[in-house]
Amino acid sequence: MQKENFAISGMTCSACSSRVDKAVAALDGVSGVSVNLLKNSMSVSFDEARLSPADITAAVEKAGYGASVRGAAGAAGTGLSGESGAPGVPDATVLELREMKRRLFISILFTVPLFYISMGHMAGLPLPGFLLGTENALAFAFTQFLLTLPVMGVNSRYYRVGCKTLFSGAPNMDSLIAIGSGAAALFGVYAIYAMAFALGRGDMDTVHHFAMNLYFESAAMILTLITLGKFFEARAKGKTSDAIAKLVNLAPATAIVVQDGVERSIARDAVQAGDILVVRAGESVPVDGVITEGGGFLDESAITGESLPLEKKPGDPVTGATINTSGYFLMRATRVGDDTTLAQIIKLVDEATSSKAPIARLADRISGIFVPVVIAIAAAATLIWLLLGYDVEFALSIGISVLVISCPCALGLATPTAIMVGTGRGAVNGILLKSAEAIELAQAVDTVVLDKTGTVTEGKPVVTDIVPVRSGNADELLVAAASLEKLSGHPLGSTIVREAETRGLLLRSVADFTQVSGQGIAGNMDGVRHIAGNARMLTAEAITADGDILAQGDAFAAEGKTSLYFAREGKLLGLIAVADVIKPSSRQAVAELEAMGLDVIMLTGDNARTAAAVQRQAGIGRVLAEVLPQDKEREVRSLQEQGRKVAMVGDGINDAPALVRADVGVAIGAGTDIAIESADIVLMKSDLLDVASAIQLSRAVMRTIRQNLFWAFFYNIIGIPIAAGVFYAAWGLTLNPMIAAAAMSLSSVSVVSNALRLRLFTPRHTPRAFVTTPADTVRIEAAAPACAAASELCPQQKKRSEPMKKIMQINGMNCGHCTSSVEKALRAVPGVTDAKADLASKSATVEAAENVSDDALKAAVTDAGFEVVAIN
């Protein structure tokens, strides 16, 4: 099955897009077709063995429209930039706007004097003598005719397309305009002949009657007002793709490549995988790659939405279109062209804006019969008023008004404008909505299922607690532990080594290193034997442990942490706790989702004890523990069978089946490619809070679509009867054709303008104060036999006195070295057991004994060269 994108020309309203859709869908071998009126594009899935792109193009042309195959680059890469000339959205919009501006200028240039001549005398305005009086009626009429011709000529497209589609049996909005304005102009020509014959007979009353009912001004004003509306519509449509255009323009046009030790500038598209590139301060990264030398702070806000620059060092990946705010580095290109992250984002957004939401099908069905029905109503209204004895001018005015006020444009633009603005706004915020259907489904979600590792938690272990014995020092314990663990190669050991390196501690050499299976490791430092391991190794080594230390180890285990004990010469030095901690925003995200009326469930393959710890920290109401990877899909299906609309959030390969099974699959951006491919929504920031943001955005988009559809239907339901004179007998209410044309233009502009309000969308997250859920209230459900059954409460864990926690707001931290300095200064304060500084929030979390004063903490940070704003 092949998928091809086409550029469609000649479409002006939803009746057009519906006609093209039907013409292509009727072809043998087409499995799916989506026509986008806003972008003048079409996406077709077809069997290449039975059909070719040329056959599809021929079907579109037979329906009365133009078609050409769009290049892949136009959809996914630089084709949207406007530089390559590919038929992307911004290019087409700019050309359309330029053409509209020219037509509007010429139309106004001739319509203003025409309107003055035809209506000025009614307001007492002066006219040239050769246009005054019944004896000059022919000059008066012929002058209006001459002024009308340029307006009709510059807007001849309405007549060409309108007549073509009318005679092909598929009339569209242009047909309505062509019939309405053409009828007014033809009546004016008829009036000129009638006046000429009347003058020949000396019938001055007939001459005066027709001179006052020429309708040339109506024909020109209809075309001018419609063009004015189209101009505003085209300008507004251009703004719907602003977010996508901004993404495209992020990528630099050139890159500096190093070849044989010489730097030279080349086009970005000429960069090959493996090339070594130079990126200086203030420059954008050309393509995706890995830093090989140097470093810098990269602003990734345009790609991920993260506001603060991130430090990058050798070995770190960098993303094309991010900005190096400071520093200098060399990088090796890994992904270029359409394989870069930016190109993939643009491709996803482009495909989303080209897709069609299920709600749009209602508008499509109506649009397919709308124009023929309107023409029938106009003809019937004209005939009825003639049969009722009204004159031809009145009946004709009624028919023209019905034709002109009807607006299938509003129906066709109601959905795609909101989809385009919404997906663009999501991309700016690091939320990629991969299809219009995903947007519609996301707003209906009532249950959110979360994977644990890498989704609720960071996905990698970190040191959470360092507890030396009473006479010990935390840094001394960490040096001994890291020196031993550096040789172990164990993931938990690597975490301890990484923590020591972050604090800038110097490790010691270890001799006679040995490993004891299932217990731990041992080695000599400065001729002194050191060991590291679990409680079993303490027993095997006959090391007497302090009761408080062991109790604390048990307490850490209850929190889902792994405790590693360290001893020297048979005496315990202390313990270090390691855990996969929850992300800073996870608790807030869960609370936000619940506040939105959603049920939150966590699925994890971990044991019930670890799941209970994460559940308490994140505040999740329900957890399914010990779920095998292959069973995640089954659990999601079970929820759906209960009538729930499920969103599954995950980041791993084992989440892919569940992501596909869910009504809406949400992939964490830092996860695996297969998870991202399987998902409907991708969160580039890997922030769980963006799940709530994505659902809020989908609700806003769907709310806007419903408002647009309501207005489009309401406008036509009210406008057509008024124009047809239904209320004329009772209240004398009818519409002048010029007012009808203005109303028609206003309806399209209002729909697009309403969609543009989505550009102001900002996720709403309510700040909350949290209290950790007590252990004795946590309920864990096990998908397989575990320590707790689904209906049982988890056993109460041993209580321990928590150290006092304080959060300090600190100004002046700008990089990783700054946070290390703050942490080191705080840990040096007597009574402080641990300190963690966070660059993103400009804060530090301190764990200390109750007797540690705020002044002591503030003094330590101030002495280190930073400013303490507040302590909570």
# chains A, B, ... in the order shown; residues from 1 in each chain; ligands from 1

call {"tool": "residues_around", "arguments": {"residues": "Leu146 (chain A)", "least_positions_apart": "4", "cutoff": "10 Å", "atoms": "only C-alpha atoms", "output": "mmCIF file with N, CA, C and O atoms, in the first residue's frame"}}
result
data_model
loop_
_atom_site.group_PDB
_atom_site.id
_atom_site.type_symbol
_atom_site.label_atom_id
_atom_site.label_comp_id
_atom_site.auth_asym_id
_atom_site.auth_seq_id
_atom_site.Cartn_x
_atom_site.Cartn_y
_atom_site.Cartn_z
ATOM 1 N N PHE A 110 -12.346 50.509 -8.705
ATOM 2 C CA PHE A 110 -13.461 50.759 -9.606
ATOM 3 C C PHE A 110 -14.820 50.723 -8.910
ATOM 4 O O PHE A 110 -15.769 51.354 -9.371
ATOM 5 N N LEU A 114 -18.036 53.608 -8.774
ATOM 6 C CA LEU A 114 -19.298 53.024 -9.225
ATOM 7 C C LEU A 114 -20.383 53.203 -8.174
ATOM 8 O O LEU A 114 -21.525 53.605 -8.481
ATOM 9 N N ALA A 141 -26.187 54.894 -17.055
ATOM 10 C CA ALA A 141 -26.152 53.432 -16.992
ATOM 11 C C ALA A 141 -24.881 52.878 -17.617
ATOM 12 O O ALA A 141 -24.242 51.958 -17.078
ATOM 13 N N PHE A 142 -24.489 53.447 -18.791
ATOM 14 C CA PHE A 142 -23.328 52.893 -19.484
ATOM 15 C C PHE A 142 -22.029 53.154 -18.721
ATOM 16 O O PHE A 142 -21.110 52.333 -18.742
ATOM 17 N N PRO A 150 -14.146 46.062 -15.259
ATOM 18 C CA PRO A 150 -12.845 45.707 -14.671
ATOM 19 C C PRO A 150 -12.966 44.869 -13.397
ATOM 20 O O PRO A 150 -12.137 43.991 -13.156
ATOM 21 N N VAL A 151 -14.016 45.148 -12.596
ATOM 22 C CA VAL A 151 -14.212 44.374 -11.373
ATOM 23 C C VAL A 151 -14.540 42.927 -11.720
ATOM 24 O O VAL A 151 -14.008 41.991 -11.105
ATOM 25 N N PHE A 216 -25.863 47.175 -11.401
ATOM 26 C CA PHE A 216 -24.421 47.055 -11.666
ATOM 27 C C PHE A 216 -23.619 47.180 -10.370
ATOM 28 O O PHE A 216 -22.627 46.480 -10.159
#

call {"tool": "residues_around", "arguments": {"residues": "Ala281 (chain A)", "least_positions_apart": "5", "cutoff": "10 Å", "atoms": "only C-alpha atoms", "output": "PDB file with C-alpha atoms, in the first residue's frame"}}
result
ATOM      1  CA  GLY A 296      28.071  24.634  25.598  1.00  0.00           C
ATOM      2  CA  PHE A 297      24.626  25.513  26.915  1.00  0.00           C
ATOM      3  CA  LEU A 298      21.892  24.743  24.404  1.00  0.00           C
ATOM      4  CA  ILE A 323      20.726  27.246  19.755  1.00  0.00           C
ATOM      5  CA  ASN A 324      24.156  27.241  21.368  1.00  0.00           C
ATOM      6  CA  THR A 325      23.748  30.158  23.802  1.00  0.00           C
ATOM      7  CA  SER A 326      27.348  29.959  25.064  1.00  0.00           C
ATOM      8  CA  GLY A 327      30.389  27.802  24.463  1.00  0.00           C
ATOM      9  CA  TYR A 328      32.090  26.215  21.468  1.00  0.00           C
ATOM     10  CA  PHE A 329      32.023  22.597  20.361  1.00  0.00           C
TER      11      PHE A 329
END

call {"tool": "atom_distance", "arguments": {"atom1": "CA of Ile466 (chain A)", "atom2": "CA of Asp316 (chain A)"}}
result
28.1 Å

call {"tool": "residues_around", "arguments": {"residues": "region 19-32 of chain A", "least_positions_apart": "2", "cutoff": "8 Å", "atoms": "only C-alpha atoms", "output": "PyMOL selection string"}}
result
chain A and resi 15-17+34-35+44-48+50-51+56+59-60+63+65+170+368

call {"tool": "residues_around", "arguments": {"residues": "Met221 (chain A)", "least_positions_apart": "5", "cutoff": "10 Å", "atoms": "only C-alpha atoms", "output": "number ranges by chain"}}
result
A: 107-108, 110-112, 114-115, 148, 151, 181, 215-216, 226-227, 737-739, 741-742

call {"tool": "write_last_selection", "arguments": {"atoms": "C-alpha atoms", "output": "PDB file, in the first residue's frame"}}
result
ATOM      1  CA  SER A 107     -11.880  45.914  -7.278  1.00  0.00           C
ATOM      2  CA  ILE A 108     -11.977  48.771  -4.772  1.00  0.00           C
ATOM      3  CA  PHE A 110     -13.461  50.759  -9.606  1.00  0.00           C
ATOM      4  CA  THR A 111     -16.197  49.876  -7.121  1.00  0.00           C
ATOM      5  CA  VAL A 112     -15.885  53.084  -5.067  1.00  0.00           C
ATOM      6  CA  LEU A 114     -19.298  53.024  -9.225  1.00  0.00           C
ATOM      7  CA  PHE A 115     -21.004  53.067  -5.858  1.00  0.00           C
ATOM      8  CA  THR A 148     -18.290  47.138 -13.525  1.00  0.00           C
ATOM      9  CA  VAL A 151     -14.212  44.374 -11.373  1.00  0.00           C
ATOM     10  CA  SER A 181     -23.229  38.574  -9.535  1.00  0.00           C
ATOM     11  CA  TYR A 215     -27.921  46.415 -10.253  1.00  0.00           C
ATOM     12  CA  PHE A 216     -24.421  47.055 -11.666  1.00  0.00           C
ATOM     13  CA  ILE A 226     -16.407  38.562  -1.408  1.00  0.00           C
ATOM     14  CA  THR A 227     -12.808  39.316  -2.411  1.00  0.00           C
ATOM     15  CA  PRO A 737     -27.557  41.533  -2.186  1.00  0.00           C
ATOM     16  CA  MET A 738     -24.639  43.730  -1.089  1.00  0.00           C
ATOM     17  CA  ILE A 739     -25.430  43.155   2.582  1.00  0.00           C
ATOM     18  CA  ALA A 741     -22.290  39.431   0.257  1.00  0.00           C
ATOM     19  CA  ALA A 742     -20.802  41.216   3.280  1.00  0.00           C
TER      20      ALA A 742
END

call {"tool": "closest_residue", "arguments": {"among": "A:Ser175, A:Ser18, A:Asn213, A:Thr562", "to": "Cys163 (chain A)", "atoms": "only C-alpha atoms"}}
result
A:Ser175

call {"tool": "select_by_dssp", "arguments": {"residues": "region 10-239 of chain A", "states": "strand (DSSP E)", "output": "ChimeraX atom specification"}}
result
/A:30-36,41-46,66-69

call {"tool": "write_last_selection", "arguments": {"atoms": "N, CA and C atoms", "output": "compact mmCIF listing (two decimals), in the first residue's frame"}}
result
# COMPACT_ATOMS: atom_id res chain seq x y z
N VAL A 30 -8.16 2.58 -4.12
CA VAL A 30 -7.97 3.61 -3.09
C VAL A 30 -8.53 3.11 -1.76
N SER A 31 -7.68 3.08 -0.73
CA SER A 31 -8.13 2.61 0.58
C SER A 31 -8.41 3.75 1.55
N GLY A 32 -7.90 4.93 1.24
CA GLY A 32 -8.15 6.07 2.13
C GLY A 32 -7.79 7.36 1.44
N VAL A 33 -8.61 8.40 1.65
CA VAL A 33 -8.34 9.70 1.07
C VAL A 33 -8.75 10.78 2.06
N SER A 34 -7.90 11.80 2.17
CA SER A 34 -8.18 12.92 3.06
C SER A 34 -7.84 14.21 2.32
N VAL A 35 -8.86 15.04 2.10
CA VAL A 35 -8.69 16.31 1.39
C VAL A 35 -8.72 17.44 2.40
N ASN A 36 -7.73 18.33 2.32
CA ASN A 36 -7.63 19.46 3.24
C ASN A 36 -7.86 20.75 2.47
N SER A 41 -4.61 20.54 -0.21
CA SER A 41 -3.82 19.33 -0.35
C SER A 41 -4.70 18.10 -0.20
N MET A 42 -4.15 16.97 -0.59
CA MET A 42 -4.87 15.70 -0.48
C MET A 42 -3.87 14.59 -0.21
N SER A 43 -4.21 13.72 0.72
CA SER A 43 -3.39 12.56 1.02
C SER A 43 -4.19 11.31 0.63
N VAL A 44 -3.55 10.43 -0.16
CA VAL A 44 -4.25 9.25 -0.68
C VAL A 44 -3.44 7.99 -0.38
N SER A 45 -4.09 6.98 0.18
CA SER A 45 -3.49 5.66 0.35
C SER A 45 -4.10 4.74 -0.71
N PHE A 46 -3.24 4.09 -1.50
CA PHE A 46 -3.77 3.29 -2.61
C PHE A 46 -2.85 2.11 -2.90
N GLY A 66 -7.48 20.99 -10.39
CA GLY A 66 -6.12 20.64 -10.77
C GLY A 66 -5.45 19.82 -9.69
N ALA A 67 -4.49 18.99 -10.07
CA ALA A 67 -3.79 18.16 -9.08
C ALA A 67 -2.37 17.90 -9.55
N SER A 68 -1.46 17.85 -8.58
CA SER A 68 -0.07 17.50 -8.86
C SER A 68 0.51 16.83 -7.64
N VAL A 69 1.45 15.92 -7.86
CA VAL A 69 2.07 15.18 -6.76
C VAL A 69 3.00 16.09 -5.99

call {"tool": "residues_around", "arguments": {"residues": "region 850-854 of chain A", "least_positions_apart": "4", "cutoff": "8 Å", "atoms": "only C-alpha atoms", "output": "PyMOL selection string"}}
result
chain A and resi 803-804+830-832+858+871

call {"tool": "closest_residue", "arguments": {"among": "A:Ala273, A:Ala864, A:Met648, A:Ile496", "to": "Leu477 (chain A)", "atoms": "only C-alpha atoms"}}
result
A:Ile496
